[in-house]
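Source file work28.txt; content: compact mmCIF, C-alpha atoms and all ligand atoms.
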# COMPACT_ATOMS: atom_id res chain seq x y z
CA MET A 1 -232.50 141.08 -2.30
CA GLN A 2 -231.66 137.52 -3.10
CA ARG A 3 -228.22 136.01 -3.19
CA ASP A 4 -229.02 134.80 -6.67
CA ASP A 5 -229.36 138.36 -7.90
CA LEU A 6 -225.85 139.22 -6.85
CA GLU A 7 -224.37 136.18 -8.55
CA ARG A 8 -226.33 136.66 -11.73
CA VAL A 9 -225.22 140.28 -11.99
CA ARG A 10 -221.59 139.40 -11.25
CA ASP A 11 -221.63 136.65 -13.86
CA ALA A 12 -223.09 138.96 -16.47
CA THR A 13 -220.64 141.82 -15.87
CA ASP A 14 -217.20 142.11 -17.43
CA LEU A 15 -215.19 144.46 -15.22
CA VAL A 16 -212.71 145.27 -18.00
CA GLU A 17 -215.51 146.41 -20.26
CA LEU A 18 -217.25 148.26 -17.40
CA VAL A 19 -214.15 150.17 -16.28
CA GLY A 20 -213.28 150.72 -19.92
CA SER A 21 -216.45 152.75 -20.32
CA TYR A 22 -215.07 155.22 -17.74
CA VAL A 23 -211.34 155.34 -18.49
CA ALA A 24 -209.09 154.12 -21.29
CA LEU A 25 -207.45 150.80 -20.37
CA ARG A 26 -204.35 149.24 -21.92
CA LYS A 27 -203.40 145.61 -21.73
CA ALA A 28 -200.46 144.95 -19.42
CA GLY A 29 -199.64 141.24 -19.34
CA LYS A 30 -202.68 139.37 -18.08
CA ASN A 31 -204.19 142.57 -16.68
CA PHE A 32 -205.32 146.02 -17.78
CA LYS A 33 -203.92 149.35 -16.74
CA GLY A 34 -205.24 152.91 -16.85
CA LEU A 35 -205.46 156.28 -15.13
CA CYS A 36 -207.33 155.98 -11.85
CA PRO A 37 -210.84 157.47 -12.03
CA PHE A 38 -210.77 158.06 -8.26
CA HIS A 39 -207.71 160.24 -7.86
CA GLN A 40 -205.77 162.55 -10.12
CA GLU A 41 -202.65 161.07 -11.61
CA LYS A 42 -200.49 161.34 -14.70
CA THR A 43 -198.97 157.84 -14.63
CA PRO A 44 -201.40 154.90 -14.62
CA SER A 45 -201.48 153.00 -11.33
CA PHE A 46 -204.99 151.60 -11.67
CA ILE A 47 -205.11 147.88 -12.51
CA VAL A 48 -208.04 145.68 -13.51
CA PHE A 49 -207.58 141.95 -12.93
CA PRO A 50 -209.83 140.04 -15.37
CA GLU A 51 -209.21 136.69 -13.66
CA THR A 52 -210.62 137.76 -10.32
CA GLN A 53 -212.87 140.50 -11.78
CA THR A 54 -211.41 142.99 -9.32
CA PHE A 55 -209.56 146.30 -9.52
CA HIS A 56 -206.92 147.97 -7.43
CA CYS A 57 -205.29 151.38 -7.50
CA PHE A 58 -201.72 151.44 -6.23
CA GLY A 59 -201.94 155.22 -5.98
CA CYS A 60 -204.94 155.77 -3.73
CA GLY A 61 -205.68 152.26 -2.53
CA ALA A 62 -209.17 152.05 -4.04
CA GLY A 63 -210.13 148.50 -4.84
CA GLY A 64 -212.99 146.05 -5.13
CA ASP A 65 -215.29 144.33 -7.57
CA ALA A 66 -217.70 145.61 -10.21
CA ILE A 67 -220.32 146.65 -7.67
CA GLY A 68 -217.70 148.44 -5.57
CA PHE A 69 -216.49 150.20 -8.69
CA VAL A 70 -219.95 151.48 -9.61
CA MET A 71 -220.70 152.48 -5.99
CA ARG A 72 -217.58 154.62 -5.98
CA ALA A 73 -217.78 155.95 -9.52
CA GLU A 74 -221.46 156.86 -9.34
CA ASN A 75 -221.75 157.55 -5.61
CA LEU A 76 -224.41 154.87 -5.21
CA SER A 77 -225.46 152.56 -2.41
CA PHE A 78 -224.81 148.84 -2.77
CA ARG A 79 -228.39 148.23 -3.82
CA GLU A 80 -228.35 151.08 -6.34
CA ALA A 81 -225.08 149.88 -7.86
CA LEU A 82 -226.49 146.37 -8.14
CA GLU A 83 -229.56 147.76 -9.88
CA ARG A 84 -227.41 149.80 -12.25
CA LEU A 85 -225.37 146.76 -13.27
CA ALA A 86 -228.47 144.58 -13.55
CA GLU A 87 -230.04 147.11 -15.88
CA ARG A 88 -226.87 147.18 -17.94
CA ALA A 89 -226.95 143.40 -18.25
CA GLY A 90 -230.69 143.20 -18.88
CA ILE A 91 -231.34 141.28 -15.64
CA THR A 92 -234.54 141.75 -13.64
CA LEU A 93 -233.88 141.82 -9.90
CA THR A 94 -236.12 140.58 -7.14
CA PRO A 95 -237.87 143.77 -5.95
CA SER A 96 -236.43 145.24 -2.74
CA ARG A 97 -239.69 146.87 -1.73
CA PRO A 98 -243.18 146.05 -2.80
CA PRO A 99 -243.67 147.99 -6.02
CA ASP A 100 -245.85 151.02 -5.36
CA PRO A 101 -246.86 152.42 -8.73
CA GLU A 102 -249.20 154.88 -7.03
CA LEU A 103 -246.39 156.50 -5.02
CA ASP A 104 -244.07 156.50 -8.04
CA ALA A 105 -246.70 158.25 -10.14
CA ARG A 106 -247.30 160.80 -7.39
CA LEU A 107 -243.60 161.67 -7.06
CA LEU A 108 -243.29 161.94 -10.81
CA ARG A 109 -246.24 164.31 -10.89
CA LEU A 110 -244.80 166.53 -8.13
CA ALA A 111 -241.48 166.72 -9.98
CA GLU A 112 -243.34 167.64 -13.15
CA LEU A 113 -245.21 170.47 -11.40
CA ASN A 114 -241.96 171.77 -9.89
CA ALA A 115 -240.36 171.75 -13.33
CA LEU A 116 -243.29 173.69 -14.80
CA ALA A 117 -243.12 176.19 -11.92
CA ALA A 118 -239.35 176.64 -12.32
CA ALA A 119 -239.72 177.28 -16.04
CA TRP A 120 -242.46 179.81 -15.38
CA PHE A 121 -240.50 181.64 -12.63
CA SER A 122 -237.56 181.83 -15.01
CA HIS A 123 -239.78 183.23 -17.76
CA VAL A 124 -241.10 185.89 -15.36
CA LEU A 125 -237.56 186.85 -14.32
CA TRP A 126 -236.14 187.35 -17.80
CA ASN A 127 -239.06 188.16 -20.05
CA THR A 128 -241.52 190.27 -18.06
CA ALA A 129 -241.63 193.65 -16.36
CA HIS A 130 -242.55 191.85 -13.10
CA GLY A 131 -239.08 190.30 -13.07
CA GLU A 132 -237.27 193.64 -13.05
CA PRO A 133 -236.60 193.72 -9.26
CA GLY A 134 -235.11 190.23 -9.52
CA ARG A 135 -232.88 191.18 -12.43
CA ARG A 136 -231.71 194.24 -10.51
CA LEU A 137 -230.86 192.18 -7.42
CA LEU A 138 -228.80 189.74 -9.51
CA GLU A 139 -226.98 192.64 -11.10
CA GLN A 140 -226.24 194.17 -7.68
CA ARG A 141 -224.88 190.82 -6.53
CA GLY A 142 -222.77 190.47 -9.67
CA VAL A 143 -224.47 187.25 -10.81
CA ASP A 144 -224.11 187.03 -14.59
CA ARG A 145 -226.85 185.80 -16.88
CA ASP A 146 -225.09 182.59 -17.82
CA THR A 147 -224.67 181.56 -14.18
CA ALA A 148 -228.23 182.57 -13.32
CA GLU A 149 -229.50 180.38 -16.14
CA ARG A 150 -227.40 177.40 -15.11
CA PHE A 151 -229.04 177.63 -11.70
CA GLN A 152 -232.38 178.28 -13.41
CA LEU A 153 -233.06 181.27 -11.17
CA GLY A 154 -236.48 182.80 -11.44
CA PHE A 155 -238.86 185.33 -10.01
CA ALA A 156 -242.21 184.98 -8.27
CA PRO A 157 -244.29 188.10 -8.94
CA GLU A 158 -246.20 190.02 -6.29
CA SER A 159 -249.42 188.09 -6.68
CA TRP A 160 -251.51 185.57 -4.77
CA ASP A 161 -252.70 183.57 -7.73
CA THR A 162 -250.62 184.03 -10.89
CA LEU A 163 -248.69 180.74 -10.61
CA LEU A 164 -251.90 179.01 -9.54
CA GLY A 165 -253.64 180.29 -12.65
CA HIS A 166 -250.75 179.30 -14.89
CA LEU A 167 -250.43 175.75 -13.55
CA THR A 168 -254.19 175.20 -13.29
CA ARG A 169 -254.48 176.01 -16.98
CA GLN A 170 -251.85 173.29 -17.54
CA GLY A 171 -254.09 170.78 -15.79
CA ALA A 172 -252.83 170.95 -12.19
CA THR A 173 -255.37 170.64 -9.38
CA PRO A 174 -255.25 172.83 -6.24
CA ASP A 175 -254.63 169.71 -4.11
CA GLU A 176 -251.59 168.80 -6.18
CA LEU A 177 -250.18 172.31 -5.91
CA VAL A 178 -250.56 172.26 -2.13
CA GLU A 179 -248.87 168.85 -1.97
CA ALA A 180 -246.03 170.14 -4.14
CA GLY A 181 -245.54 173.02 -1.71
CA LEU A 182 -246.22 175.59 -4.42
CA ALA A 183 -249.51 176.70 -2.90
CA GLY A 184 -250.80 177.24 0.63
CA ARG A 185 -254.34 176.63 1.82
CA ARG A 186 -256.47 179.08 3.81
CA ASP A 187 -258.87 178.06 6.57
CA ASP A 188 -261.77 178.44 4.17
CA GLY A 189 -260.16 175.88 1.87
CA SER A 190 -259.11 178.29 -0.87
CA VAL A 191 -255.50 178.18 -2.06
CA TYR A 192 -252.88 180.85 -2.80
CA ASP A 193 -249.39 181.17 -4.28
CA ARG A 194 -246.88 180.33 -1.57
CA PHE A 195 -244.05 182.33 -3.14
CA ARG A 196 -244.68 186.03 -3.79
CA TYR A 197 -242.30 188.84 -4.73
CA ARG A 198 -239.26 186.65 -4.28
CA LEU A 199 -236.17 185.61 -6.20
CA MET A 200 -236.58 181.87 -6.79
CA PHE A 201 -233.86 179.23 -6.43
CA PRO A 202 -234.96 175.84 -7.76
CA ILE A 203 -233.44 173.09 -5.60
CA ARG A 204 -232.49 170.09 -7.71
CA ASP A 205 -231.45 166.58 -6.80
CA ARG A 206 -228.36 164.83 -8.14
CA ASP A 207 -230.16 164.01 -11.36
CA GLY A 208 -231.19 167.61 -11.95
CA ARG A 209 -234.83 167.06 -10.99
CA VAL A 210 -236.42 170.12 -9.33
CA ILE A 211 -237.52 168.86 -5.90
CA GLY A 212 -238.24 172.16 -4.16
CA PHE A 213 -237.51 175.88 -4.02
CA GLY A 214 -235.67 178.42 -1.96
CA ALA A 215 -237.02 181.95 -2.22
CA ARG A 216 -235.47 185.25 -1.16
CA ALA A 217 -237.76 188.16 -0.31
CA LEU A 218 -237.15 191.39 -2.20
CA GLY A 219 -239.20 193.58 0.06
CA ASP A 220 -239.40 193.46 3.85
CA ALA A 221 -241.35 190.21 3.87
CA GLN A 222 -240.39 187.72 6.57
CA PRO A 223 -238.79 185.31 6.58
CA LYS A 224 -236.15 186.68 4.25
CA TYR A 225 -235.57 183.15 2.96
CA LEU A 226 -238.58 180.92 2.53
CA ASN A 227 -238.22 177.31 1.41
CA SER A 228 -240.61 174.71 0.11
CA PRO A 229 -242.19 172.82 2.98
CA GLN A 230 -241.37 169.15 3.40
CA THR A 231 -243.14 167.23 0.63
CA PRO A 232 -243.05 163.60 -0.49
CA LEU A 233 -240.30 164.78 -2.87
CA PHE A 234 -238.40 167.33 -0.79
CA ASP A 235 -236.69 167.16 2.57
CA LYS A 236 -234.37 170.11 3.09
CA SER A 237 -232.26 168.30 5.68
CA ALA A 238 -231.51 165.58 3.13
CA SER A 239 -230.76 167.85 0.16
CA LEU A 240 -227.76 169.88 -0.93
CA TYR A 241 -228.19 172.92 -3.15
CA ALA A 242 -226.17 172.79 -6.41
CA ILE A 243 -225.35 169.08 -5.99
CA ASP A 244 -226.39 168.45 -9.60
CA LEU A 245 -223.91 171.00 -10.95
CA ALA A 246 -221.16 170.13 -8.48
CA LEU A 247 -221.23 166.34 -8.57
CA GLU A 248 -218.96 165.81 -11.54
CA HIS A 249 -216.33 168.14 -10.04
CA ILE A 250 -216.71 166.63 -6.58
CA ARG A 251 -215.98 163.23 -8.09
CA ARG A 252 -212.89 164.46 -9.83
CA THR A 253 -211.39 166.37 -6.92
CA ARG A 254 -212.69 164.01 -4.19
CA GLU A 255 -213.45 167.16 -2.24
CA VAL A 256 -216.62 169.11 -1.58
CA ILE A 257 -216.88 172.62 -0.17
CA VAL A 258 -220.06 173.32 1.77
CA VAL A 259 -221.31 176.89 2.12
CA GLU A 260 -224.45 178.06 3.85
CA GLY A 261 -226.51 180.09 1.42
CA TYR A 262 -227.82 179.88 -2.13
CA MET A 263 -226.04 183.07 -3.16
CA ASP A 264 -222.72 181.83 -1.71
CA ALA A 265 -222.90 178.67 -3.81
CA ILE A 266 -223.86 180.58 -6.96
CA ALA A 267 -221.01 183.07 -6.51
CA ALA A 268 -218.52 180.24 -5.94
CA HIS A 269 -219.58 178.47 -9.15
CA GLN A 270 -219.41 181.71 -11.11
CA PHE A 271 -215.89 182.38 -9.87
CA GLY A 272 -214.60 178.96 -10.82
CA TYR A 273 -215.22 176.78 -7.75
CA PRO A 274 -217.63 174.22 -9.19
CA ASN A 275 -217.29 171.71 -6.33
CA VAL A 276 -219.30 173.91 -3.97
CA VAL A 277 -222.73 173.04 -2.57
CA ALA A 278 -224.94 174.83 -0.04
CA SER A 279 -226.49 173.36 3.09
CA MET A 280 -229.27 175.95 2.76
CA GLY A 281 -228.92 177.77 6.01
CA THR A 282 -228.82 174.86 8.41
CA ALA A 283 -225.81 173.19 9.95
CA LEU A 284 -224.73 170.27 7.77
CA THR A 285 -226.90 167.29 8.67
CA GLU A 286 -225.90 163.64 8.78
CA ARG A 287 -228.27 162.96 5.89
CA GLN A 288 -226.69 165.70 3.78
CA VAL A 289 -223.26 164.23 4.49
CA ARG A 290 -224.54 160.85 3.34
CA LEU A 291 -225.24 162.33 -0.11
CA VAL A 292 -221.55 162.88 -0.78
CA ARG A 293 -219.70 160.74 1.75
CA ARG A 294 -218.76 157.99 -0.64
CA THR A 295 -217.60 160.42 -3.32
CA VAL A 296 -215.21 162.54 -1.30
CA ASP A 297 -212.16 162.25 0.90
CA ARG A 298 -212.65 165.72 2.32
CA ILE A 299 -215.62 167.87 3.28
CA VAL A 300 -214.62 171.50 3.74
CA LEU A 301 -217.00 173.78 5.62
CA ALA A 302 -216.59 177.31 4.30
ZN ZN A 401 -206.43 155.88 -7.43

Write the structure described by the file as structure tokens, please.
Ligand SMILES: [Zn+2]
Amino acid sequence: MQRDDLERVRDATDLVELVGSYVALRKAGKNFKGLCPFHQEKTPSFIVFPETQTFHCFGCGAGGDAIGFVMRAENLSFREALERLAERAGITLTPSRPPDPELDARLLRLAELNALAAAWFSHVLWNTAHGEPGRRLLEQRGVDRDTAERFQLGFAPESWDTLLGHLTRQGATPDELVEAGLAGRRDDGSVYDRFRYRLMFPIRDRDGRVIGFGARALGDAQPKYLNSPQTPLFDKSASLYAIDLALEHIRRTREVIVVEGYMDAIAAHQFGYPNVVASMGTALTERQVRLVRRTVDRIVLA
């Protein structure tokens, strides 16, 4: 990053207008006043100072400039916040890494295949006889249809090649499916469906992109929970299940509750605790904490 970039973005950004797109501001003398977006309050104690292009909350102590505001409001790194503001102002930044269109295209493709797989698993769960065991399990666990659909739950049928066939017909190659973690490869080079006879939990990133899957066996298959392997898109130790659904509520309450399993998170959301995420079986890792650290004051392990 170049120093220039920072100055150009700062010059092009009006903090009053920026903050005003998040909360209603009222003029108060030379400054502007509103309800703090970073803590819950009924009386405004959040001030924007146009002269210095800074803000300060007398309630929770939050303060800073436009980049600090976006970092906090959107849970972004400094670089990401700078990029967000640059985009808003129509400024092109000096690239931070050499552009790698090939890698970008590959990640996009993997996300696309995951999305297709998630849609197909969901179709199998709700619309086919194969999905019956999955529907029964959800019923036993008291997961209602609306919640199941918000989490885009699905079902992988008892088959070694049904997903393969479906995605191959949509133009996917076996190599791509192995790279996406949807297929495994035998010693003889042939490929097979990785997930079979399992309830499927699509794992999404903050933006709602499906990056991998968790899968619960319905029979006696081991392991009981099988996850996508590490892929260029998915790293379990750096992901939090349900983060896409929880983020807005985490921001508002400044608190996140971390449970262990997929089902725990789903039950919590269904029963009105939307700021719950799951660490997916492992102890909370430093990289998982980093996903929410800037957004919360409190991390509760449940
Ligand atoms: Zn505040």

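If one restricts the calculation to all atoms listed in the file, the set of residues situated within 9 Å of ligand ZN 401 (chain A) consists of Leu35, Cys36, Pro37, Phe38, His39, Gln40, Glu41, Pro44, Ser45, Phe46, His56, Cys57, Phe58, Gly59, Cys60, Gly61, Ala62 and Gly63 of chain A.
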
Exercise. Go ahead and compute the interatomic distance for CA of Arg198 (chain A) and CA of Lys224 (chain A), in Å to one decimal.
Key: 9.1 Å

Exercise. Name the residues in contact with Ala278 (chain A) at a cut-off of 7 Å, using all atoms listed in the file, excluding same-chain residues fewer than 4 positions from it; report them as a ChimeraX atom specification.
Key: /A:240-242,258-262,265

Exercise. For Val124 (chain A), please output as a PyMOL selection string all residues within 12 Å (counting all atoms listed in the file; exclusion window: fewer than 3 positions along the same chain).
Key: chain A and resi 117-121+127-135+152-158+162-163+166+197-200

Quiz item: Do you know which residues are at most 8 Å from region 180-185 of chain A counting all atoms listed in the file, after dropping those on the same chain fewer than 4 positions away, and could you put them as a PyMOL selection string?
Solution: chain A and resi 110+113-114+164+174+176+189-195+212+228-231+233

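For the pair CA of Ile250 (chain A) and CA of Val289 (chain A), the interatomic distance is 13.1 Å.
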
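CA of Gly219 (chain A) sits 16.0 Å away from CA of Arg141 (chain A).
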
Export region 159-197 of chain A, N, CA and C atoms, as a PDB file, in the first residue's frame; it's the structure right above.
ATOM      1  N   SER A 159     -25.014 -43.311  -2.135  1.00  0.00           N
ATOM      2  CA  SER A 159     -24.577 -43.572  -3.507  1.00  0.00           C
ATOM      3  C   SER A 159     -23.142 -43.100  -3.656  1.00  0.00           C
ATOM      4  N   TRP A 160     -22.407 -43.757  -4.547  1.00  0.00           N
ATOM      5  CA  TRP A 160     -21.004 -43.388  -4.755  1.00  0.00           C
ATOM      6  C   TRP A 160     -20.828 -42.422  -5.912  1.00  0.00           C
ATOM      7  N   ASP A 161     -21.902 -42.161  -6.650  1.00  0.00           N
ATOM      8  CA  ASP A 161     -21.669 -41.364  -7.862  1.00  0.00           C
ATOM      9  C   ASP A 161     -22.836 -40.472  -8.283  1.00  0.00           C
ATOM     10  N   THR A 162     -23.842 -40.284  -7.414  1.00  0.00           N
ATOM     11  CA  THR A 162     -24.997 -39.494  -7.849  1.00  0.00           C
ATOM     12  C   THR A 162     -24.651 -38.009  -7.963  1.00  0.00           C
ATOM     13  N   LEU A 163     -23.939 -37.474  -6.946  1.00  0.00           N
ATOM     14  CA  LEU A 163     -23.544 -36.062  -7.027  1.00  0.00           C
ATOM     15  C   LEU A 163     -22.571 -35.863  -8.186  1.00  0.00           C
ATOM     16  N   LEU A 164     -21.629 -36.801  -8.310  1.00  0.00           N
ATOM     17  CA  LEU A 164     -20.682 -36.748  -9.429  1.00  0.00           C
ATOM     18  C   LEU A 164     -21.415 -36.621 -10.756  1.00  0.00           C
ATOM     19  N   GLY A 165     -22.407 -37.502 -10.939  1.00  0.00           N
ATOM     20  CA  GLY A 165     -23.162 -37.499 -12.190  1.00  0.00           C
ATOM     21  C   GLY A 165     -23.858 -36.167 -12.394  1.00  0.00           C
ATOM     22  N   HIS A 166     -24.483 -35.677 -11.314  1.00  0.00           N
ATOM     23  CA  HIS A 166     -25.232 -34.427 -11.410  1.00  0.00           C
ATOM     24  C   HIS A 166     -24.319 -33.262 -11.791  1.00  0.00           C
ATOM     25  N   LEU A 167     -23.172 -33.157 -11.089  1.00  0.00           N
ATOM     26  CA  LEU A 167     -22.301 -32.001 -11.340  1.00  0.00           C
ATOM     27  C   LEU A 167     -21.527 -32.150 -12.650  1.00  0.00           C
ATOM     28  N   THR A 168     -21.226 -33.387 -13.030  1.00  0.00           N
ATOM     29  CA  THR A 168     -20.539 -33.596 -14.307  1.00  0.00           C
ATOM     30  C   THR A 168     -21.437 -33.162 -15.464  1.00  0.00           C
ATOM     31  N   ARG A 169     -22.726 -33.462 -15.328  1.00  0.00           N
ATOM     32  CA  ARG A 169     -23.663 -33.025 -16.368  1.00  0.00           C
ATOM     33  C   ARG A 169     -23.744 -31.505 -16.446  1.00  0.00           C
ATOM     34  N   GLN A 170     -23.387 -30.834 -15.315  1.00  0.00           N
ATOM     35  CA  GLN A 170     -23.396 -29.364 -15.314  1.00  0.00           C
ATOM     36  C   GLN A 170     -22.045 -28.806 -15.750  1.00  0.00           C
ATOM     37  N   GLY A 171     -21.154 -29.687 -16.221  1.00  0.00           N
ATOM     38  CA  GLY A 171     -19.902 -29.198 -16.773  1.00  0.00           C
ATOM     39  C   GLY A 171     -18.701 -29.305 -15.853  1.00  0.00           C
ATOM     40  N   ALA A 172     -18.867 -29.876 -14.644  1.00  0.00           N
ATOM     41  CA  ALA A 172     -17.727 -30.005 -13.738  1.00  0.00           C
ATOM     42  C   ALA A 172     -16.830 -31.156 -14.175  1.00  0.00           C
ATOM     43  N   THR A 173     -15.522 -31.002 -13.969  1.00  0.00           N
ATOM     44  CA  THR A 173     -14.601 -32.096 -14.269  1.00  0.00           C
ATOM     45  C   THR A 173     -14.293 -32.838 -12.967  1.00  0.00           C
ATOM     46  N   PRO A 174     -13.905 -34.131 -13.071  1.00  0.00           N
ATOM     47  CA  PRO A 174     -13.548 -34.885 -11.861  1.00  0.00           C
ATOM     48  C   PRO A 174     -12.452 -34.183 -11.051  1.00  0.00           C
ATOM     49  N   ASP A 175     -11.457 -33.614 -11.719  1.00  0.00           N
ATOM     50  CA  ASP A 175     -10.379 -32.919 -11.002  1.00  0.00           C
ATOM     51  C   ASP A 175     -10.916 -31.776 -10.150  1.00  0.00           C
ATOM     52  N   GLU A 176     -11.829 -31.016 -10.728  1.00  0.00           N
ATOM     53  CA  GLU A 176     -12.420 -29.894  -9.990  1.00  0.00           C
ATOM     54  C   GLU A 176     -13.168 -30.384  -8.752  1.00  0.00           C
ATOM     55  N   LEU A 177     -13.886 -31.495  -8.913  1.00  0.00           N
ATOM     56  CA  LEU A 177     -14.698 -31.994  -7.804  1.00  0.00           C
ATOM     57  C   LEU A 177     -13.817 -32.517  -6.673  1.00  0.00           C
ATOM     58  N   VAL A 178     -12.667 -33.098  -7.042  1.00  0.00           N
ATOM     59  CA  VAL A 178     -11.717 -33.535  -6.019  1.00  0.00           C
ATOM     60  C   VAL A 178     -11.137 -32.309  -5.319  1.00  0.00           C
ATOM     61  N   GLU A 179     -10.781 -31.286  -6.096  1.00  0.00           N
ATOM     62  CA  GLU A 179     -10.202 -30.080  -5.495  1.00  0.00           C
ATOM     63  C   GLU A 179     -11.203 -29.387  -4.576  1.00  0.00           C
ATOM     64  N   ALA A 180     -12.487 -29.452  -4.936  1.00  0.00           N
ATOM     65  CA  ALA A 180     -13.523 -28.823  -4.112  1.00  0.00           C
ATOM     66  C   ALA A 180     -13.825 -29.644  -2.865  1.00  0.00           C
ATOM     67  N   GLY A 181     -13.271 -30.860  -2.793  1.00  0.00           N
ATOM     68  CA  GLY A 181     -13.515 -31.704  -1.627  1.00  0.00           C
ATOM     69  C   GLY A 181     -14.840 -32.439  -1.699  1.00  0.00           C
ATOM     70  N   LEU A 182     -15.498 -32.382  -2.843  1.00  0.00           N
ATOM     71  CA  LEU A 182     -16.789 -33.054  -2.986  1.00  0.00           C
ATOM     72  C   LEU A 182     -16.609 -34.504  -3.407  1.00  0.00           C
ATOM     73  N   ALA A 183     -15.467 -34.804  -4.011  1.00  0.00           N
ATOM     74  CA  ALA A 183     -15.190 -36.165  -4.462  1.00  0.00           C
ATOM     75  C   ALA A 183     -13.845 -36.621  -3.915  1.00  0.00           C
ATOM     76  N   GLY A 184     -13.714 -37.941  -3.739  1.00  0.00           N
ATOM     77  CA  GLY A 184     -12.431 -38.531  -3.379  1.00  0.00           C
ATOM     78  C   GLY A 184     -11.889 -39.270  -4.594  1.00  0.00           C
ATOM     79  N   ARG A 185     -10.592 -39.616  -4.542  1.00  0.00           N
ATOM     80  CA  ARG A 185     -10.005 -40.313  -5.679  1.00  0.00           C
ATOM     81  C   ARG A 185      -9.423 -41.645  -5.218  1.00  0.00           C
ATOM     82  N   ARG A 186      -9.752 -42.714  -5.946  1.00  0.00           N
ATOM     83  CA  ARG A 186      -9.212 -44.036  -5.618  1.00  0.00           C
ATOM     84  C   ARG A 186      -7.805 -44.182  -6.205  1.00  0.00           C
ATOM     85  N   ASP A 187      -7.115 -45.243  -5.766  1.00  0.00           N
ATOM     86  CA  ASP A 187      -5.753 -45.485  -6.254  1.00  0.00           C
ATOM     87  C   ASP A 187      -5.719 -45.638  -7.770  1.00  0.00           C
ATOM     88  N   ASP A 188      -6.796 -46.191  -8.321  1.00  0.00           N
ATOM     89  CA  ASP A 188      -6.797 -46.392  -9.777  1.00  0.00           C
ATOM     90  C   ASP A 188      -7.171 -45.110 -10.530  1.00  0.00           C
ATOM     91  N   GLY A 189      -7.340 -44.012  -9.792  1.00  0.00           N
ATOM     92  CA  GLY A 189      -7.588 -42.734 -10.454  1.00  0.00           C
ATOM     93  C   GLY A 189      -9.060 -42.383 -10.592  1.00  0.00           C
ATOM     94  N   SER A 190      -9.940 -43.363 -10.383  1.00  0.00           N
ATOM     95  CA  SER A 190     -11.369 -43.063 -10.505  1.00  0.00           C
ATOM     96  C   SER A 190     -11.832 -42.257  -9.286  1.00  0.00           C
ATOM     97  N   VAL A 191     -12.941 -41.548  -9.432  1.00  0.00           N
ATOM     98  CA  VAL A 191     -13.409 -40.687  -8.342  1.00  0.00           C
ATOM     99  C   VAL A 191     -14.773 -41.147  -7.841  1.00  0.00           C
ATOM    100  N   TYR A 192     -15.110 -40.743  -6.605  1.00  0.00           N
ATOM    101  CA  TYR A 192     -16.371 -41.154  -5.986  1.00  0.00           C
ATOM    102  C   TYR A 192     -16.900 -40.033  -5.103  1.00  0.00           C
ATOM    103  N   ASP A 193     -18.202 -40.048  -4.851  1.00  0.00           N
ATOM    104  CA  ASP A 193     -18.823 -39.064  -3.957  1.00  0.00           C
ATOM    105  C   ASP A 193     -18.237 -39.191  -2.557  1.00  0.00           C
ATOM    106  N   ARG A 194     -17.748 -38.081  -2.018  1.00  0.00           N
ATOM    107  CA  ARG A 194     -17.154 -38.112  -0.691  1.00  0.00           C
ATOM    108  C   ARG A 194     -18.228 -38.281   0.391  1.00  0.00           C
ATOM    109  N   PHE A 195     -19.376 -37.635   0.177  1.00  0.00           N
ATOM    110  CA  PHE A 195     -20.425 -37.644   1.200  1.00  0.00           C
ATOM    111  C   PHE A 195     -21.537 -38.595   0.782  1.00  0.00           C
ATOM    112  N   ARG A 196     -21.795 -39.605   1.616  1.00  0.00           N
ATOM    113  CA  ARG A 196     -22.823 -40.598   1.298  1.00  0.00           C
ATOM    114  C   ARG A 196     -23.672 -40.892   2.532  1.00  0.00           C
ATOM    115  N   TYR A 197     -24.986 -40.911   2.341  1.00  0.00           N
ATOM    116  CA  TYR A 197     -25.936 -41.219   3.399  1.00  0.00           C
ATOM    117  C   TYR A 197     -25.677 -40.356   4.636  1.00  0.00           C
TER     118      TYR A 197
END
